[in-house]
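Notes follow once the structure below has been shown.
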Amino acid sequence: MNPPVSALFRHIATLQGDAPWGRFLDAGSGVNSARWSLSLSTEAWTGVTASRAHATEIHERAGSGLRSQDRLLVGDWTDPSLLAGERFDTVLADYLLGAVEGFAPYFQTRLFQRLAPLVGARLYVVGLDPYVVGDAPDEAARLVREIGRLRDACLLLADETPYREFPAEWVADALTAAGFVIDSARRFQNRYREKWVHGQLDMALRRLPRIADQAVAAALSDQIEALRVRALEHCRREGGLRAGSDYVLAARPGPQAQITGQAGLGRSG
Ligand SMILES: C[S@@+](CC[C@H](N)C(=O)[O-])C[C@H]1O[C@@H](n2cnc3c(N)ncnc32)[C@H](O)[C@@H]1O
């Protein structure tokens, strides 16, 4: 059984209206985006993930929706041969931009140029406004920022690369620079619940055994648990941590993108 469709996916379906989904590309695939997009009436579905482990998880948890014309590929958008010459009516980049840092750091500025030749009619970009950097105007935002910073510190000390999110305005500029015309842009305010607090702080805790200096790891463990107490107390009092936003942008290829797409065939992203 499919889980309830998120407000963001419902919004995308509303934007799509009666237009056919056609050939569909889930350009940063995961269990959520695969489950949702495989439930749509597409002609054919292609999912791309840079991680073999992620592909296995998608197969296990969403694979029952795959038809004979559907495929899940492990590949990196920095590889110019990945889906070269193909075109999809609908392309979804669902939390792809933030994850690029872990696979192809510094490629973010070229991501939408790379996707442009593949987009036939519509590109939907789903993302998260950064909460680790920037303003934290109230207690909820400060707690979310503290959690993000502590999590990322643990990931870095355990020799991993945290995600790097970009604001909706940055995405709008990057889409325009890549030749897209933006049809719609909307923010969705976030409310982080206790489950999110545990999820982020447990992710940090799991990294501690891999930190070289175990005295530092022990101090971080104390910080994690103290922050958990404060964040959960806020969640109980306020019904969650109301901070920051996700966003959905809908774009279509402009005349420039079509020229770039043709001229760019076979070129490195
Ligand atoms: C946050 S995860 C998945 C989000 C997803 N849509 C979901 O349902 O949860 C981001 C995805 O983008 C992929 N990704 C990140 N950088 C990539 C790159 N350079 N090339 C291809 N895929 C990439 C990751 O491997 C992962 O599958």
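For the structure tokens, the naming scheme is as follows: chains receive sequential letters (A, B, ...) according to their order of presentation, residues are indexed from 1 within each chain, and ligands are indexed from 1 in presentation order.
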Could you make a table, as a Markdown table, of the residues of chain A that have an atom within 10 Å of an atom of ligand 1, each with its nearest atom pair and distance in Å to one decimal, counting only C-alpha atoms and all ligand atoms, in chain and number order?
```
| residue | atom | partner | partner_atom_place_in_ligand_line | distance |
| --- | --- | --- | --- | --- |
| A:Asp26 | CA | ligand 1 | 6 (N) | 7.4 |
| A:Ala27 | CA | ligand 1 | 22 (N) | 6.7 |
| A:Gly28 | CA | ligand 1 | 12 (O) | 3.5 |
| A:Ser29 | CA | ligand 1 | 27 (O) | 4.5 |
| A:Gly30 | CA | ligand 1 | 8 (O) | 3.4 |
| A:Val31 | CA | ligand 1 | 8 (O) | 4.6 |
| A:Asn32 | CA | ligand 1 | 8 (O) | 3.4 |
| A:Ser33 | CA | ligand 1 | 8 (O) | 3.7 |
| A:Ala34 | CA | ligand 1 | 8 (O) | 6.1 |
| A:Arg35 | CA | ligand 1 | 8 (O) | 7.8 |
| A:Trp36 | CA | ligand 1 | 8 (O) | 8.4 |
| A:Ser37 | CA | ligand 1 | 8 (O) | 9.6 |
| A:Gly47 | CA | ligand 1 | 27 (O) | 8.7 |
| A:Val48 | CA | ligand 1 | 22 (N) | 5.9 |
| A:Thr49 | CA | ligand 1 | 27 (O) | 3.7 |
| A:Ala50 | CA | ligand 1 | 25 (O) | 3.6 |
| A:Ser51 | CA | ligand 1 | 25 (O) | 4.5 |
| A:Arg52 | CA | ligand 1 | 25 (O) | 8.0 |
| A:Ala53 | CA | ligand 1 | 25 (O) | 8.8 |
| A:His54 | CA | ligand 1 | 27 (O) | 6.0 |
| A:Ala55 | CA | ligand 1 | 27 (O) | 7.4 |
| A:Ile58 | CA | ligand 1 | 8 (O) | 8.8 |
| A:Leu73 | CA | ligand 1 | 21 (C) | 9.2 |
| A:Val74 | CA | ligand 1 | 21 (C) | 7.5 |
| A:Gly75 | CA | ligand 1 | 21 (C) | 5.5 |
| A:Asp76 | CA | ligand 1 | 20 (N) | 3.4 |
| A:Trp77 | CA | ligand 1 | 20 (N) | 4.0 |
| A:Thr78 | CA | ligand 1 | 19 (N) | 6.0 |
| A:Asp79 | CA | ligand 1 | 20 (N) | 8.2 |
| A:Leu82 | CA | ligand 1 | 21 (C) | 9.2 |
| A:Leu92 | CA | ligand 1 | 6 (N) | 8.3 |
| A:Ala93 | CA | ligand 1 | 6 (N) | 7.0 |
| A:Asp94 | CA | ligand 1 | 6 (N) | 4.3 |
| A:Tyr95 | CA | ligand 1 | 4 (C) | 4.9 |
| A:Leu96 | CA | ligand 1 | 12 (O) | 4.3 |
| A:Leu97 | CA | ligand 1 | 15 (C) | 7.0 |
| A:Gly98 | CA | ligand 1 | 1 (C) | 7.1 |
| A:Ala99 | CA | ligand 1 | 15 (C) | 4.5 |
| A:Val100 | CA | ligand 1 | 16 (N) | 3.5 |
| A:Glu101 | CA | ligand 1 | 16 (N) | 6.8 |
| A:Gly102 | CA | ligand 1 | 16 (N) | 6.5 |
| A:Phe103 | CA | ligand 1 | 16 (N) | 5.0 |
| A:Ala104 | CA | ligand 1 | 19 (N) | 4.9 |
| A:Pro105 | CA | ligand 1 | 19 (N) | 8.1 |
| A:Tyr106 | CA | ligand 1 | 19 (N) | 9.9 |
| A:Phe107 | CA | ligand 1 | 19 (N) | 7.4 |
| A:Gln108 | CA | ligand 1 | 19 (N) | 8.5 |
| A:Leu111 | CA | ligand 1 | 19 (N) | 8.1 |
| A:Val126 | CA | ligand 1 | 6 (N) | 8.5 |
| A:Gly127 | CA | ligand 1 | 1 (C) | 9.4 |
| A:Tyr163 | CA | ligand 1 | 1 (C) | 8.3 |
```
Next, dump the selected residues to file, keeping only N, CA and C atoms, as a compact mmCIF listing (two decimals), in the first residue's frame.
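The new file result.txt reads:
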```txt
# COMPACT_ATOMS: atom_id res chain seq x y z
N ASP A 26 12.73 10.36 -12.78
CA ASP A 26 12.93 10.68 -11.37
C ASP A 26 14.45 10.84 -11.21
N ALA A 27 14.92 12.10 -11.35
CA ALA A 27 16.35 12.34 -11.56
C ALA A 27 17.20 12.20 -10.30
N GLY A 28 16.56 12.18 -9.15
CA GLY A 28 17.28 11.93 -7.89
C GLY A 28 16.39 10.99 -7.10
N SER A 29 16.41 9.75 -7.51
CA SER A 29 15.37 8.83 -7.03
C SER A 29 15.58 8.43 -5.58
N GLY A 30 14.47 8.12 -4.94
CA GLY A 30 14.48 7.64 -3.57
C GLY A 30 13.16 6.93 -3.36
N VAL A 31 12.97 6.33 -2.20
CA VAL A 31 11.76 5.55 -1.97
C VAL A 31 10.51 6.42 -2.13
N ASN A 32 10.55 7.65 -1.59
CA ASN A 32 9.34 8.49 -1.64
C ASN A 32 8.99 8.90 -3.06
N SER A 33 9.99 9.44 -3.78
CA SER A 33 9.69 9.93 -5.13
C SER A 33 9.38 8.77 -6.05
N ALA A 34 10.04 7.62 -5.86
CA ALA A 34 9.77 6.47 -6.72
C ALA A 34 8.36 5.95 -6.47
N ARG A 35 7.99 5.82 -5.19
CA ARG A 35 6.64 5.32 -4.89
C ARG A 35 5.58 6.22 -5.49
N TRP A 36 5.77 7.55 -5.31
CA TRP A 36 4.75 8.48 -5.82
C TRP A 36 4.72 8.45 -7.34
N SER A 37 5.88 8.57 -7.97
CA SER A 37 5.85 8.74 -9.44
C SER A 37 5.49 7.43 -10.13
N GLY A 47 14.27 5.95 -13.17
CA GLY A 47 14.79 6.53 -11.94
C GLY A 47 16.31 6.52 -12.01
N VAL A 48 16.93 7.58 -11.46
CA VAL A 48 18.40 7.64 -11.40
C VAL A 48 18.81 7.91 -9.96
N THR A 49 19.76 7.13 -9.49
CA THR A 49 20.38 7.39 -8.20
C THR A 49 21.88 7.18 -8.36
N ALA A 50 22.67 7.93 -7.58
CA ALA A 50 24.12 7.78 -7.67
C ALA A 50 24.62 6.67 -6.76
N SER A 51 23.72 6.12 -5.95
CA SER A 51 24.16 5.18 -4.92
C SER A 51 23.56 3.80 -5.14
N ARG A 52 24.44 2.81 -5.18
CA ARG A 52 23.95 1.43 -5.37
C ARG A 52 23.10 0.99 -4.18
N ALA A 53 23.50 1.41 -2.97
CA ALA A 53 22.74 1.04 -1.77
C ALA A 53 21.33 1.63 -1.85
N HIS A 54 21.26 2.87 -2.35
CA HIS A 54 19.96 3.54 -2.50
C HIS A 54 19.10 2.78 -3.51
N ALA A 55 19.73 2.34 -4.59
CA ALA A 55 19.00 1.60 -5.63
C ALA A 55 18.41 0.31 -5.05
N ILE A 58 15.41 1.21 -3.01
CA ILE A 58 14.26 1.58 -3.86
C ILE A 58 13.63 0.32 -4.43
N LEU A 73 18.32 3.27 -12.73
CA LEU A 73 19.73 3.29 -13.11
C LEU A 73 20.58 3.83 -11.98
N VAL A 74 21.77 3.26 -11.82
CA VAL A 74 22.77 3.84 -10.91
C VAL A 74 23.75 4.60 -11.79
N GLY A 75 23.82 5.90 -11.60
CA GLY A 75 24.72 6.70 -12.44
C GLY A 75 24.88 8.07 -11.83
N ASP A 76 25.84 8.81 -12.36
CA ASP A 76 26.12 10.15 -11.83
C ASP A 76 25.90 11.17 -12.93
N TRP A 77 25.24 12.27 -12.58
CA TRP A 77 24.95 13.30 -13.59
C TRP A 77 26.21 13.97 -14.11
N THR A 78 27.34 13.75 -13.48
CA THR A 78 28.59 14.29 -14.03
C THR A 78 29.05 13.45 -15.23
N ASP A 79 28.47 12.27 -15.40
CA ASP A 79 28.84 11.40 -16.53
C ASP A 79 28.05 11.84 -17.77
N LEU A 82 25.33 9.52 -19.39
CA LEU A 82 24.13 9.08 -18.68
C LEU A 82 22.88 9.64 -19.37
N LEU A 92 11.55 15.04 -12.64
CA LEU A 92 11.41 15.41 -11.23
C LEU A 92 12.79 15.40 -10.58
N ALA A 93 13.18 16.53 -9.98
CA ALA A 93 14.44 16.59 -9.22
C ALA A 93 14.04 16.81 -7.76
N ASP A 94 13.75 15.71 -7.07
CA ASP A 94 13.18 15.75 -5.73
C ASP A 94 14.29 15.62 -4.69
N TYR A 95 14.65 16.73 -4.07
CA TYR A 95 15.76 16.78 -3.11
C TYR A 95 17.06 16.25 -3.70
N LEU A 96 17.19 16.42 -5.01
CA LEU A 96 18.44 16.02 -5.68
C LEU A 96 19.55 17.04 -5.42
N LEU A 97 19.22 18.33 -5.57
CA LEU A 97 20.24 19.38 -5.50
C LEU A 97 21.04 19.31 -4.19
N GLY A 98 20.33 19.16 -3.07
CA GLY A 98 21.01 19.14 -1.77
C GLY A 98 21.93 17.94 -1.62
N ALA A 99 21.58 16.83 -2.29
CA ALA A 99 22.36 15.59 -2.15
C ALA A 99 23.58 15.56 -3.06
N VAL A 100 23.62 16.46 -4.04
CA VAL A 100 24.73 16.43 -5.01
C VAL A 100 26.08 16.59 -4.30
N GLU A 101 26.09 17.38 -3.22
CA GLU A 101 27.35 17.62 -2.48
C GLU A 101 28.04 16.30 -2.09
N GLY A 102 27.23 15.29 -1.79
CA GLY A 102 27.80 14.01 -1.34
C GLY A 102 28.39 13.18 -2.47
N PHE A 103 28.02 13.48 -3.71
CA PHE A 103 28.46 12.65 -4.83
C PHE A 103 29.32 13.42 -5.82
N ALA A 104 28.98 14.68 -6.03
CA ALA A 104 29.68 15.48 -7.04
C ALA A 104 29.76 16.93 -6.55
N PRO A 105 30.55 17.16 -5.46
CA PRO A 105 30.60 18.51 -4.91
C PRO A 105 31.02 19.53 -5.97
N TYR A 106 30.45 20.70 -5.91
CA TYR A 106 30.69 21.84 -6.83
C TYR A 106 29.96 21.69 -8.16
N PHE A 107 29.26 20.55 -8.36
CA PHE A 107 28.54 20.34 -9.61
C PHE A 107 27.17 21.03 -9.58
N GLN A 108 26.77 21.51 -8.41
CA GLN A 108 25.42 22.09 -8.27
C GLN A 108 25.17 23.18 -9.29
N LEU A 111 24.08 21.58 -12.53
CA LEU A 111 23.08 20.50 -12.52
C LEU A 111 21.93 20.75 -13.50
N VAL A 126 12.09 20.00 -6.32
CA VAL A 126 11.69 20.04 -4.92
C VAL A 126 12.96 20.21 -4.09
N GLY A 127 12.94 21.13 -3.15
CA GLY A 127 14.14 21.34 -2.35
C GLY A 127 13.81 21.87 -0.97
N TYR A 163 24.89 16.83 3.29
CA TYR A 163 24.16 17.49 2.21
C TYR A 163 24.37 18.99 2.31
```
**Request:** Select from stretch 33-266 of chain A everything DSSP, run on the backbone, classes as helix (DSSP H, G or I), then give the selection as a ChimeraX atom specification.
**Result:** /A:33-38,52-65,96-103,108-118,139-157,168-177,194-210,214-238,255-263
Write out as a CSV table (one decimal) with C-alpha atoms, in the first residue's frame all residues of stretch 4-242 of chain A that DSSP puts in strand (DSSP E or B) for this structure's backbone.
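In the end it all went to out-v8.csv:
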```
chain,number,residue,atom,x,y,z
A,23,ARG,CA,7.9,9.6,-20.2
A,24,PHE,CA,8.9,10.3,-16.6
A,25,LEU,CA,12.4,10.8,-15.1
A,26,ASP,CA,12.9,10.7,-11.4
A,44,ALA,CA,7.5,4.8,-19.0
A,45,TRP,CA,9.5,5.6,-15.8
A,46,THR,CA,13.2,6.0,-15.3
A,47,GLY,CA,14.8,6.5,-11.9
A,48,VAL,CA,18.4,7.6,-11.4
A,49,THR,CA,20.4,7.4,-8.2
A,71,ARG,CA,14.1,1.1,-15.2
A,72,LEU,CA,16.2,2.2,-12.2
A,73,LEU,CA,19.7,3.3,-13.1
A,74,VAL,CA,22.8,3.8,-10.9
A,88,PHE,CA,11.5,12.9,-21.0
A,89,ASP,CA,8.1,14.7,-20.9
A,90,THR,CA,8.4,15.2,-17.1
A,91,VAL,CA,11.5,15.4,-15.0
A,92,LEU,CA,11.4,15.4,-11.2
A,93,ALA,CA,14.4,16.6,-9.2
A,94,ASP,CA,13.2,15.7,-5.7
A,119,VAL,CA,13.5,17.9,-20.3
A,120,GLY,CA,10.7,17.7,-22.9
A,121,ALA,CA,7.9,19.6,-21.3
A,122,ARG,CA,8.3,20.1,-17.5
A,123,LEU,CA,10.9,20.1,-14.8
A,124,TYR,CA,9.8,20.0,-11.2
A,125,VAL,CA,12.4,20.9,-8.5
A,126,VAL,CA,11.7,20.0,-4.9
A,127,GLY,CA,14.1,21.3,-2.3
A,128,LEU,CA,14.8,22.6,1.2
A,180,PHE,CA,14.3,27.4,-18.3
A,181,VAL,CA,11.2,29.5,-17.9
A,182,ILE,CA,9.8,29.3,-14.4
A,183,ASP,CA,6.0,28.7,-14.4
A,184,SER,CA,5.5,28.4,-10.6
A,185,ALA,CA,7.4,28.7,-7.4
A,186,ARG,CA,6.0,28.0,-3.9
A,187,ARG,CA,7.3,27.5,-0.4
A,188,PHE,CA,5.8,25.1,2.1
A,189,GLN,CA,6.5,25.9,5.8
A,190,ASN,CA,8.0,23.1,7.7
A,191,ARG,CA,7.0,21.8,11.1
A,192,TYR,CA,9.6,19.3,12.4
A,241,LEU,CA,9.6,22.9,15.6
A,242,ARG,CA,8.0,25.4,13.1
```
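With atom CA of A:Arg149 on one side and atom CA of A:Cys235 on the other, the separation reads 18.7 Å.
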**Request:** Please provide as a PyMOL selection string all residues within 12 Å of A:Gln223, with the sequence filter that same-chain residues fewer than 3 positions apart are discarded (counting only C-alpha atoms).
**Result:** chain A and resi 146-147+149-151+153-154+201+204-205+208+216-220+226-230
**Asked** Which distance in Å separates atom CA of A:Asp138 and atom CA of A:Gly244, to one decimal?
**Response** 10.9 Å
**Complete:** From the list A:Ala243, A:Met203, A:Ile211, A:Ala172, the nearest residue to A:Asp152 using only C-alpha atoms is A:Met203
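Proximity ranking of A:Ser41, A:Ser81, A:Ser245, A:Ser221 relative to A:Ala141 places A:Ser245 first, based on only C-alpha atoms.
For the pair atom CA of A:His59 and atom CA of A:Arg87, the interatomic distance is 23.6 Å.
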If you count only C-alpha atoms, which residues fall within 10 Å of A:Trp170, apart from same-chain ones fewer than 4 positions away, as a PDB file with N, CA and C atoms, in the first residue's frame?
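Printed below is selection_32.pdb as written:
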```pdb
ATOM      1  N   THR A 109      26.178  24.008  -9.574  1.00  0.00           N
ATOM      2  CA  THR A 109      25.978  25.143 -10.494  1.00  0.00           C
ATOM      3  C   THR A 109      25.693  24.663 -11.915  1.00  0.00           C
ATOM      4  N   ASP A 129      14.972  24.895   1.823  1.00  0.00           N
ATOM      5  CA  ASP A 129      15.765  26.091   2.132  1.00  0.00           C
ATOM      6  C   ASP A 129      16.781  25.726   3.226  1.00  0.00           C
ATOM      7  N   PHE A 166      20.227  24.501  -0.945  1.00  0.00           N
ATOM      8  CA  PHE A 166      20.272  25.815  -1.600  1.00  0.00           C
ATOM      9  C   PHE A 166      18.887  26.443  -1.509  1.00  0.00           C
ATOM     10  N   ALA A 174      19.400  29.664 -11.034  1.00  0.00           N
ATOM     11  CA  ALA A 174      20.119  28.612 -11.757  1.00  0.00           C
ATOM     12  C   ALA A 174      19.267  28.051 -12.896  1.00  0.00           C
ATOM     13  N   LEU A 175      17.957  27.927 -12.656  1.00  0.00           N
ATOM     14  CA  LEU A 175      17.062  27.427 -13.714  1.00  0.00           C
ATOM     15  C   LEU A 175      17.027  28.424 -14.870  1.00  0.00           C
ATOM     16  N   THR A 176      16.908  29.696 -14.539  1.00  0.00           N
ATOM     17  CA  THR A 176      16.850  30.723 -15.588  1.00  0.00           C
ATOM     18  C   THR A 176      18.161  30.728 -16.377  1.00  0.00           C
TER      19      THR A 176
END
```
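Among the candidates A:Leu40, A:Leu249, A:Ala84, A:Ala7, the residue lying nearest to A:Leu118 is A:Ala84 (atoms considered: only C-alpha atoms).
Distances from A:Asp70, A:Ala178, A:Tyr247, A:Pro20 to A:Pro130 were compared using only C-alpha atoms, and the smallest one belongs to A:Tyr247.
Nearest to A:Glu86 of all the residues A:Pro162, A:Val5, A:Gln69, A:Ala116 is A:Ala116, counting only C-alpha atoms.
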